[in-house]
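S.K.: Before we start, here is the structure in question, set down as structure tokens.
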2 protein chains.
Amino acid sequence: MTQDSPSLAEMADRFTHAREVQSKALLEDYVEMIGDLIAELGEARVADIAARMGVAQPTATKAISRLKREGLATSRPYRGVFLTDAGAALADKVRARHRTVVALLMAVGVPEEVAEQDAEGIEHHVSDRSLAAFENFLR
Amino acid sequence: MTQDSPSLAEMADRFTHAREVQSKALLEDYVEMIGDLIAELGEARVADIAARMGVAQPTATKAISRLKREGLATSRPYRGVFLTDAGAALADKVRARHRTVVALLMAVGVPEEVAEQDAEGIEHHVSDRSLAAFENFLR
DNA sequence: AATGAAATTGAGCCAAGGCTATAAAACCTT
DNA sequence: AAGGTTTTATAGCCTTGGCTCAATTTCATT
């Protein structure tokens with residue numbers, strides 16, 4: 001048989017957890033993208049960040065100030081955006097997880113295009129334990 | 001080799017798409033839960049919905065009015081909440097997808113507890129095409 | 001060096017999704 | 001049938017994450 005049906009508190013916790021994950025997802029995306037831009041172009045400009053995220057420039061500016069508040073990035077007015085050590089570490093982790101999720105999806109038969117698309121949303125909800133299982137499965 | 005690197009527009013579209021999916025996720029969760037409650041208890045009361053979602057009761061009320069606005073549910077004041085045909089169909093689809101996602105995670109080695117937890121967030125981002133691939137893989 | 005273009009920021013708006021506190025309706029139970 | 005308890009609803013507030021429009025700063029070009 002499978003398992004006891006979850007208690008009320010357990011059900012609620014699952015949703016609460018999913019909501020918490022969601023609130024971090026956007027920060028993760030921005031940090032990863034800023035890392036990419038610095039690697040590719042040597043700097044991360046607000047305009048480039050906004051274009052790649054598919055949002056208006058002021059939206060990107062606002063997100064960047066959240067990153068700064070969280071200690072993930074720094075920036076000086078009218079200059080580029082930079083990652084703190086914490087930000088760079090997060091970017092690496094997010095990038096690696098993204099690759100693993102795409103690889104797993106493809107390994108179970110999802111076409112690359114679709115895998116990339118779905119991974120963008122899925123990755124944030126993949127816990128460390130699931131990620132470890134994915135890596136093991138891929139080996 | 002893998003593929004061309006995605007164009008700027010394609011990258012932006014992925015994020016835009018993930019945002020759209022996210023905006024529907026909460027509605028999906030509520031609809032599924034209301035369906036569960038009706039199946040289990042014969043009715044879906046606001047208090048039960050709130051408790052299971054892990055949310056204050058006025059928050060659930062507000063979400064339900066969104067469901068009504070979207071044509072997924074109906075309710076009369078101080079009475080229970082009911083699903084429209086569209087709502088019931090969505091609930092079925094969401095429930096089936098949830099089960100498939102959990103099954104896939106377990107099939108690649110994720111422990112059941114973790115699979116249930118992660119699936120709660122992941123499921124909303126699994127497209128029809130990925131879902132079909134999952135079902136195929138599980139067979 | 002001045003000026004026009006481009007990039008960035010700031011102000012102010014909106015909807016979603018949380019919350020608490022309070023009012024109102026429905027329900028039991030005597 | 002009255003009164004107290006429970007359930008729902010309403011009001012009002014907060015944060016996040018979008019947007020537009022306008023002001024500012026920087027950059028590039030003449």
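Following the order of the structure tokens, chains are lettered A, B, ..., residues in each are numbered from 1, and ligands are numbered from 1.
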Near chain A, which residues of chain D fall within 9 Å when you count only C-alpha atoms (C1' of nucleotides), and what do they look like as an mmCIF file with C-alpha atoms (C1' of nucleotides), in the first residue's frame?
M.R.:
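Result file follows (result.cif):
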```
data_model
loop_
_atom_site.group_PDB
_atom_site.id
_atom_site.type_symbol
_atom_site.label_atom_id
_atom_site.label_comp_id
_atom_site.auth_asym_id
_atom_site.auth_seq_id
_atom_site.Cartn_x
_atom_site.Cartn_y
_atom_site.Cartn_z
ATOM 1 C "C1'" DT D 16 5.136 41.685 -4.251
ATOM 2 C "C1'" DG D 17 5.496 42.206 -8.936
ATOM 3 C "C1'" DG D 18 3.647 44.023 -12.902
ATOM 4 C "C1'" DC D 19 2.742 48.602 -15.695
ATOM 5 C "C1'" DT D 25 21.745 61.202 -15.684
ATOM 6 C "C1'" DT D 26 25.097 59.470 -18.787
#
```
S.K.: Using every C-alpha atom paired in order, could you least-squares fit chain A onto chain B and give me the moved chain as a PDB file with C-alpha atoms, in the first residue's frame?
M.R.:
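To be explicit, this is the file written out as part-v2.pdb:
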```pdb
ATOM      1  CA  MET A   1      25.505  18.989 -30.150  1.00  0.00           C
ATOM      2  CA  THR A   2      22.569  20.330 -28.250  1.00  0.00           C
ATOM      3  CA  GLN A   3      20.979  23.368 -29.964  1.00  0.00           C
ATOM      4  CA  ASP A   4      21.337  27.018 -30.835  1.00  0.00           C
ATOM      5  CA  SER A   5      21.375  29.242 -27.813  1.00  0.00           C
ATOM      6  CA  PRO A   6      17.939  30.782 -27.388  1.00  0.00           C
ATOM      7  CA  SER A   7      17.235  34.242 -28.737  1.00  0.00           C
ATOM      8  CA  LEU A   8      16.503  37.116 -26.450  1.00  0.00           C
ATOM      9  CA  ALA A   9      12.828  36.958 -27.313  1.00  0.00           C
ATOM     10  CA  GLU A  10      12.724  33.237 -26.582  1.00  0.00           C
ATOM     11  CA  MET A  11      14.329  33.715 -23.189  1.00  0.00           C
ATOM     12  CA  ALA A  12      11.913  36.435 -22.267  1.00  0.00           C
ATOM     13  CA  ASP A  13       8.966  34.343 -23.431  1.00  0.00           C
ATOM     14  CA  ARG A  14       9.991  31.533 -21.117  1.00  0.00           C
ATOM     15  CA  PHE A  15       9.811  33.770 -18.117  1.00  0.00           C
ATOM     16  CA  THR A  16       6.615  35.377 -19.290  1.00  0.00           C
ATOM     17  CA  HIS A  17       5.101  31.931 -19.727  1.00  0.00           C
ATOM     18  CA  ALA A  18       6.240  30.824 -16.274  1.00  0.00           C
ATOM     19  CA  ARG A  19       4.613  33.924 -14.793  1.00  0.00           C
ATOM     20  CA  GLU A  20       1.323  33.194 -16.540  1.00  0.00           C
ATOM     21  CA  VAL A  21       1.364  29.623 -15.282  1.00  0.00           C
ATOM     22  CA  GLN A  22       1.972  30.883 -11.806  1.00  0.00           C
ATOM     23  CA  SER A  23      -1.057  33.125 -11.869  1.00  0.00           C
ATOM     24  CA  LYS A  24      -3.248  30.110 -12.599  1.00  0.00           C
ATOM     25  CA  ALA A  25      -1.624  27.836 -10.036  1.00  0.00           C
ATOM     26  CA  LEU A  26      -3.518  29.101  -7.051  1.00  0.00           C
ATOM     27  CA  LEU A  27      -6.863  28.719  -8.779  1.00  0.00           C
ATOM     28  CA  GLU A  28      -5.955  25.156  -9.687  1.00  0.00           C
ATOM     29  CA  ASP A  29      -5.106  24.317  -6.101  1.00  0.00           C
ATOM     30  CA  TYR A  30      -8.347  25.727  -4.778  1.00  0.00           C
ATOM     31  CA  VAL A  31     -10.462  23.991  -7.380  1.00  0.00           C
ATOM     32  CA  GLU A  32      -8.825  20.647  -6.723  1.00  0.00           C
ATOM     33  CA  MET A  33      -9.256  21.040  -2.991  1.00  0.00           C
ATOM     34  CA  ILE A  34     -12.908  22.008  -3.287  1.00  0.00           C
ATOM     35  CA  GLY A  35     -13.461  18.922  -5.420  1.00  0.00           C
ATOM     36  CA  ASP A  36     -11.772  16.778  -2.791  1.00  0.00           C
ATOM     37  CA  LEU A  37     -13.874  18.233  -0.005  1.00  0.00           C
ATOM     38  CA  ILE A  38     -17.126  17.694  -1.861  1.00  0.00           C
ATOM     39  CA  ALA A  39     -16.111  14.102  -2.611  1.00  0.00           C
ATOM     40  CA  GLU A  40     -15.098  13.416   0.998  1.00  0.00           C
ATOM     41  CA  LEU A  41     -17.591  15.404   3.014  1.00  0.00           C
ATOM     42  CA  GLY A  42     -20.402  16.138   0.608  1.00  0.00           C
ATOM     43  CA  GLU A  43     -19.745  19.863   0.793  1.00  0.00           C
ATOM     44  CA  ALA A  44     -16.948  22.404   0.790  1.00  0.00           C
ATOM     45  CA  ARG A  45     -17.083  24.950   3.589  1.00  0.00           C
ATOM     46  CA  VAL A  46     -14.902  28.008   3.640  1.00  0.00           C
ATOM     47  CA  ALA A  47     -13.453  27.032   6.989  1.00  0.00           C
ATOM     48  CA  ASP A  48     -12.337  23.637   5.706  1.00  0.00           C
ATOM     49  CA  ILE A  49     -10.887  25.106   2.549  1.00  0.00           C
ATOM     50  CA  ALA A  50      -8.927  27.675   4.530  1.00  0.00           C
ATOM     51  CA  ALA A  51      -7.640  25.077   6.977  1.00  0.00           C
ATOM     52  CA  ARG A  52      -6.411  22.755   4.258  1.00  0.00           C
ATOM     53  CA  MET A  53      -4.820  25.542   2.257  1.00  0.00           C
ATOM     54  CA  GLY A  54      -3.101  26.825   5.376  1.00  0.00           C
ATOM     55  CA  VAL A  55      -4.520  30.333   5.060  1.00  0.00           C
ATOM     56  CA  ALA A  56      -6.828  32.543   7.111  1.00  0.00           C
ATOM     57  CA  GLN A  57     -10.526  32.349   6.375  1.00  0.00           C
ATOM     58  CA  PRO A  58     -10.845  35.749   4.739  1.00  0.00           C
ATOM     59  CA  THR A  59      -8.012  34.813   2.410  1.00  0.00           C
ATOM     60  CA  ALA A  60      -9.966  31.760   1.321  1.00  0.00           C
ATOM     61  CA  THR A  61     -13.111  33.829   0.869  1.00  0.00           C
ATOM     62  CA  LYS A  62     -11.238  36.210  -1.372  1.00  0.00           C
ATOM     63  CA  ALA A  63      -9.804  33.373  -3.435  1.00  0.00           C
ATOM     64  CA  ILE A  64     -13.271  31.882  -3.803  1.00  0.00           C
ATOM     65  CA  SER A  65     -14.610  35.114  -5.200  1.00  0.00           C
ATOM     66  CA  ARG A  66     -11.826  34.976  -7.773  1.00  0.00           C
ATOM     67  CA  LEU A  67     -12.945  31.444  -8.652  1.00  0.00           C
ATOM     68  CA  LYS A  68     -16.479  32.705  -9.103  1.00  0.00           C
ATOM     69  CA  ARG A  69     -15.293  35.569 -11.247  1.00  0.00           C
ATOM     70  CA  GLU A  70     -13.434  33.056 -13.444  1.00  0.00           C
ATOM     71  CA  GLY A  71     -16.508  30.877 -13.776  1.00  0.00           C
ATOM     72  CA  LEU A  72     -15.011  27.935 -11.912  1.00  0.00           C
ATOM     73  CA  ALA A  73     -17.185  27.927  -8.796  1.00  0.00           C
ATOM     74  CA  THR A  74     -20.421  29.214  -7.352  1.00  0.00           C
ATOM     75  CA  SER A  75     -21.502  29.950  -3.800  1.00  0.00           C
ATOM     76  CA  ARG A  76     -24.289  31.624  -1.905  1.00  0.00           C
ATOM     77  CA  PRO A  77     -23.435  33.702   1.160  1.00  0.00           C
ATOM     78  CA  TYR A  78     -22.976  31.655   4.302  1.00  0.00           C
ATOM     79  CA  ARG A  79     -23.438  28.466   2.290  1.00  0.00           C
ATOM     80  CA  GLY A  80     -20.912  26.058   0.876  1.00  0.00           C
ATOM     81  CA  VAL A  81     -18.908  26.372  -2.306  1.00  0.00           C
ATOM     82  CA  PHE A  82     -19.713  24.408  -5.465  1.00  0.00           C
ATOM     83  CA  LEU A  83     -17.826  23.776  -8.678  1.00  0.00           C
ATOM     84  CA  THR A  84     -19.210  24.643 -12.098  1.00  0.00           C
ATOM     85  CA  ASP A  85     -18.768  22.103 -14.887  1.00  0.00           C
ATOM     86  CA  ALA A  86     -15.637  23.956 -15.930  1.00  0.00           C
ATOM     87  CA  GLY A  87     -14.390  23.893 -12.344  1.00  0.00           C
ATOM     88  CA  ALA A  88     -15.046  20.178 -11.951  1.00  0.00           C
ATOM     89  CA  ALA A  89     -13.285  19.439 -15.229  1.00  0.00           C
ATOM     90  CA  LEU A  90     -10.286  21.479 -14.142  1.00  0.00           C
ATOM     91  CA  ALA A  91     -10.231  19.720 -10.783  1.00  0.00           C
ATOM     92  CA  ASP A  92     -10.120  16.330 -12.491  1.00  0.00           C
ATOM     93  CA  LYS A  93      -7.330  17.392 -14.773  1.00  0.00           C
ATOM     94  CA  VAL A  94      -5.290  18.858 -11.934  1.00  0.00           C
ATOM     95  CA  ARG A  95      -5.764  15.805  -9.763  1.00  0.00           C
ATOM     96  CA  ALA A  96      -4.671  13.452 -12.515  1.00  0.00           C
ATOM     97  CA  ARG A  97      -1.633  15.568 -13.304  1.00  0.00           C
ATOM     98  CA  HIS A  98      -0.682  15.673  -9.641  1.00  0.00           C
ATOM     99  CA  ARG A  99      -0.764  11.890  -9.422  1.00  0.00           C
ATOM    100  CA  THR A 100       1.332  11.530 -12.526  1.00  0.00           C
ATOM    101  CA  VAL A 101       3.943  13.984 -11.280  1.00  0.00           C
ATOM    102  CA  VAL A 102       4.225  12.196  -7.944  1.00  0.00           C
ATOM    103  CA  ALA A 103       4.500   8.857  -9.720  1.00  0.00           C
ATOM    104  CA  LEU A 104       7.234  10.141 -12.008  1.00  0.00           C
ATOM    105  CA  LEU A 105       9.233  11.602  -9.159  1.00  0.00           C
ATOM    106  CA  MET A 106       9.023   8.331  -7.276  1.00  0.00           C
ATOM    107  CA  ALA A 107       9.943   6.415 -10.418  1.00  0.00           C
ATOM    108  CA  VAL A 108      13.232   8.288 -10.653  1.00  0.00           C
ATOM    109  CA  GLY A 109      13.986   7.676  -6.989  1.00  0.00           C
ATOM    110  CA  VAL A 110      12.455  10.495  -4.995  1.00  0.00           C
ATOM    111  CA  PRO A 111      11.007   9.328  -1.646  1.00  0.00           C
ATOM    112  CA  GLU A 112       7.221   9.579  -1.413  1.00  0.00           C
ATOM    113  CA  GLU A 113       7.161  12.297   1.243  1.00  0.00           C
ATOM    114  CA  VAL A 114       9.502  14.508  -0.755  1.00  0.00           C
ATOM    115  CA  ALA A 115       7.686  13.724  -3.987  1.00  0.00           C
ATOM    116  CA  GLU A 116       4.398  14.900  -2.525  1.00  0.00           C
ATOM    117  CA  GLN A 117       5.960  18.059  -1.218  1.00  0.00           C
ATOM    118  CA  ASP A 118       7.761  18.998  -4.422  1.00  0.00           C
ATOM    119  CA  ALA A 119       4.880  17.962  -6.670  1.00  0.00           C
ATOM    120  CA  GLU A 120       2.694  20.581  -5.047  1.00  0.00           C
ATOM    121  CA  GLY A 121       4.780  23.282  -6.678  1.00  0.00           C
ATOM    122  CA  ILE A 122       6.055  21.433  -9.736  1.00  0.00           C
ATOM    123  CA  GLU A 123       2.751  20.215 -11.123  1.00  0.00           C
ATOM    124  CA  HIS A 124       1.542  23.600 -12.254  1.00  0.00           C
ATOM    125  CA  HIS A 125       4.507  23.970 -14.574  1.00  0.00           C
ATOM    126  CA  VAL A 126       4.182  20.593 -16.254  1.00  0.00           C
ATOM    127  CA  SER A 127       2.830  21.180 -19.753  1.00  0.00           C
ATOM    128  CA  ASP A 128       0.575  18.756 -21.582  1.00  0.00           C
ATOM    129  CA  ARG A 129       3.476  17.609 -23.670  1.00  0.00           C
ATOM    130  CA  SER A 130       5.658  16.883 -20.657  1.00  0.00           C
ATOM    131  CA  LEU A 131       2.754  15.156 -18.993  1.00  0.00           C
ATOM    132  CA  ALA A 132       2.325  12.905 -21.998  1.00  0.00           C
ATOM    133  CA  ALA A 133       6.026  12.067 -21.874  1.00  0.00           C
ATOM    134  CA  PHE A 134       5.733  11.245 -18.178  1.00  0.00           C
ATOM    135  CA  GLU A 135       2.826   8.899 -18.781  1.00  0.00           C
ATOM    136  CA  ASN A 136       4.666   7.199 -21.560  1.00  0.00           C
ATOM    137  CA  PHE A 137       7.777   6.810 -19.446  1.00  0.00           C
ATOM    138  CA  LEU A 138       5.785   5.323 -16.589  1.00  0.00           C
ATOM    139  CA  ARG A 139       4.350   2.673 -18.869  1.00  0.00           C
TER     140      ARG A 139
END
```
S.K.: Could you go through segment 12-89 of chain A and tell me which residues DSSP, when run on the backbone, assigns to strand (DSSP E or B), listing them as a PyMOL selection string?
M.R.: chain A and resi 44+73-75+81-83
S.K.: Skip DT5 of chain D itself and residues of its chain fewer than 2 positions away, then list as a list of chain:residue names all residues within 10 Å of it, counting only C-alpha atoms (C1' of nucleotides).
M.R.: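 With the cut-off at 10 Å, the set is C:DC27, C:DC28, D:DG3, D:DT7.
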S.K.: Could those selected residues go to a file with C-alpha atoms (C1' of nucleotides), as a tab-separated table (two decimals), in the first residue's frame?
M.R.:
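Result file is selection.tsv:
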```tsv
chain	number	residue	atom	x	y	z
C	27	DC	C1'	-26.90	27.21	13.76
C	28	DC	C1'	-27.79	24.78	18.12
D	3	DG	C1'	-29.29	33.47	23.44
D	7	DT	C1'	-19.23	30.30	10.53
```
S.K.: Residues within 12 Å of DC21 of chain D, please, as a PDB file with C-alpha atoms (C1' of nucleotides), in the first residue's frame. Count only C-alpha atoms (C1' of nucleotides); anything in the same chain fewer than 2 positions from it doesn't count.
M.R.:
```pdb
ATOM      1  CA  PRO A  58      11.368  49.941 -14.006  1.00  0.00           C
TER       2      PRO A  58
ATOM      3  C1'  DG C  10      11.271  57.728  -9.514  1.00  0.00           C
ATOM      4  C1'  DA C  11       6.355  58.465  -8.898  1.00  0.00           C
ATOM      5  C1'  DG C  12       2.149  56.585  -8.921  1.00  0.00           C
ATOM      6  C1'  DC C  13      -1.152  53.133 -10.509  1.00  0.00           C
TER       7       DC C  13
ATOM      8  C1'  DC D  19       2.742  48.602 -15.695  1.00  0.00           C
ATOM      9  C1'  DA D  23      12.460  63.340 -14.772  1.00  0.00           C
TER      10       DA D  23
END
```
S.K.: With only C-alpha atoms (C1' of nucleotides) as the atoms that count, which of C:DA1, C:DA26, C:DA7, C:DC14 lies nearest to chain A?
M.R.: C:DA7
S.K.: Within 9 Å of chain B, which residues of chain C show up when using only C-alpha atoms (C1' of nucleotides), listed as a list in words?
M.R.: DA16, DG17, DG18, DC19, DA25 and DA26 of chain C
S.K.: Within chain A, find each residue whose DSSP state, derived from the backbone, is alpha helix (DSSP H), and express the selection as a VMD selection string.
M.R.: chain A and resid 8 to 41 46 to 53 57 to 69 85 to 107 112 to 122 128 to 138
S.K.: Just write the chosen residues, C-alpha atoms, as a compact mmCIF listing (two decimals), in the first residue's frame.
M.R.:
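So the final result, stored in again-v3.txt, reads:
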```
# COMPACT_ATOMS: atom_id res chain seq x y z
CA LEU A 8 -4.67 18.47 7.78
CA ALA A 9 -1.56 20.15 9.12
CA GLU A 10 0.62 18.30 6.63
CA MET A 11 -1.56 19.34 3.72
CA ALA A 12 -1.50 22.94 4.78
CA ASP A 13 2.26 22.84 5.25
CA ARG A 14 2.72 21.67 1.69
CA PHE A 15 0.94 24.67 0.33
CA THR A 16 2.67 27.00 2.73
CA HIS A 17 6.00 25.57 1.64
CA ALA A 18 5.13 25.95 -2.04
CA ARG A 19 4.24 29.59 -1.41
CA GLU A 20 7.56 30.24 0.31
CA VAL A 21 9.44 28.66 -2.57
CA GLN A 22 7.54 30.83 -4.97
CA SER A 23 8.55 34.00 -3.21
CA LYS A 24 12.20 33.10 -3.72
CA ALA A 25 11.83 32.02 -7.33
CA LEU A 26 11.96 35.45 -8.84
CA LEU A 27 15.11 36.36 -6.96
CA GLU A 28 16.73 33.16 -8.17
CA ASP A 29 15.89 33.95 -11.77
CA TYR A 30 17.30 37.45 -11.56
CA VAL A 31 20.48 36.34 -9.86
CA GLU A 32 21.10 33.62 -12.42
CA MET A 33 20.49 36.02 -15.27
CA ILE A 34 22.79 38.67 -13.85
CA GLY A 35 25.48 36.02 -13.52
CA ASP A 36 24.97 35.02 -17.13
CA LEU A 37 25.18 38.59 -18.34
CA ILE A 38 28.38 39.29 -16.45
CA ALA A 39 29.91 36.08 -17.83
CA GLU A 40 28.84 36.88 -21.40
CA LEU A 41 29.19 40.63 -21.62
CA VAL A 46 19.39 47.07 -16.25
CA ALA A 47 18.21 47.29 -19.83
CA ASP A 48 19.64 43.88 -20.69
CA ILE A 49 18.24 42.31 -17.56
CA ALA A 50 14.79 43.71 -18.29
CA ALA A 51 14.89 42.57 -21.91
CA ARG A 52 15.86 39.02 -21.03
CA MET A 53 13.33 38.76 -18.23
CA GLN A 57 12.86 48.48 -17.17
CA PRO A 58 11.37 49.94 -14.01
CA THR A 59 10.18 46.47 -13.05
CA ALA A 60 13.75 45.22 -13.32
CA THR A 61 15.02 48.17 -11.30
CA LYS A 62 12.56 47.37 -8.56
CA ALA A 63 13.56 43.71 -8.53
CA ILE A 64 17.21 44.70 -8.33
CA SER A 65 16.57 46.79 -5.27
CA ARG A 66 14.99 43.72 -3.69
CA LEU A 67 18.15 41.78 -4.54
CA LYS A 68 20.22 44.46 -2.86
CA ARG A 69 17.98 44.42 0.18
CA ASP A 85 29.49 36.39 -2.95
CA ALA A 86 26.15 35.11 -1.72
CA GLY A 87 24.53 36.14 -5.00
CA ALA A 88 27.21 34.45 -7.09
CA ALA A 89 26.91 31.27 -5.04
CA LEU A 90 23.15 31.26 -5.48
CA ALA A 91 23.53 31.85 -9.21
CA ASP A 92 25.81 28.83 -9.51
CA LYS A 93 23.45 26.64 -7.58
CA VAL A 94 20.44 27.75 -9.61
CA ARG A 95 22.23 27.26 -12.89
CA ALA A 96 23.33 23.75 -11.98
CA ARG A 97 19.86 22.82 -10.81
CA HIS A 98 18.35 24.17 -14.02
CA ARG A 99 20.66 22.00 -16.11
CA THR A 100 19.85 18.94 -14.07
CA VAL A 101 16.11 19.50 -14.36
CA VAL A 102 16.33 19.92 -18.13
CA ALA A 103 18.47 16.80 -18.38
CA LEU A 104 16.01 14.78 -16.32
CA LEU A 105 13.04 15.92 -18.35
CA MET A 106 14.81 14.98 -21.55
CA ALA A 107 15.86 11.66 -20.06
CA GLU A 112 14.33 19.81 -25.51
CA GLU A 113 12.23 22.86 -26.35
CA VAL A 114 9.47 21.80 -23.99
CA ALA A 115 11.97 20.77 -21.33
CA GLU A 116 13.53 24.22 -21.34
CA GLN A 117 10.16 25.89 -21.13
CA ASP A 118 8.81 23.75 -18.30
CA ALA A 119 12.10 23.72 -16.39
CA GLU A 120 11.90 27.47 -16.02
CA GLY A 121 8.97 27.05 -13.67
CA ILE A 122 9.68 23.59 -12.27
CA ASP A 128 17.81 19.26 -2.65
CA ARG A 129 16.65 15.74 -2.02
CA SER A 130 14.82 15.50 -5.33
CA LEU A 131 17.80 17.04 -7.06
CA ALA A 132 20.06 14.39 -5.60
CA ALA A 133 17.68 11.70 -6.82
CA PHE A 134 17.69 13.24 -10.29
CA GLU A 135 21.47 13.25 -10.43
CA ASN A 136 21.60 9.69 -9.30
CA PHE A 137 19.02 8.64 -11.86
CA LEU A 138 20.92 10.37 -14.64
```
S.K.: Please indicate the distance in Å from atom C1' of DT20 of chain D to atom C1' of DA6 of chain C, rounded to one decimal place.
M.R.: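 We find that atom C1' of DT20 of chain D and atom C1' of DA6 of chain C lie 18.2 Å from each other.
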S.K.: What gap, in Å, lies between atom C1' of DA21 of chain C and atom C1' of DA9 of chain D?
M.R.: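 Computing it gives 12.6 Å between the two atoms.
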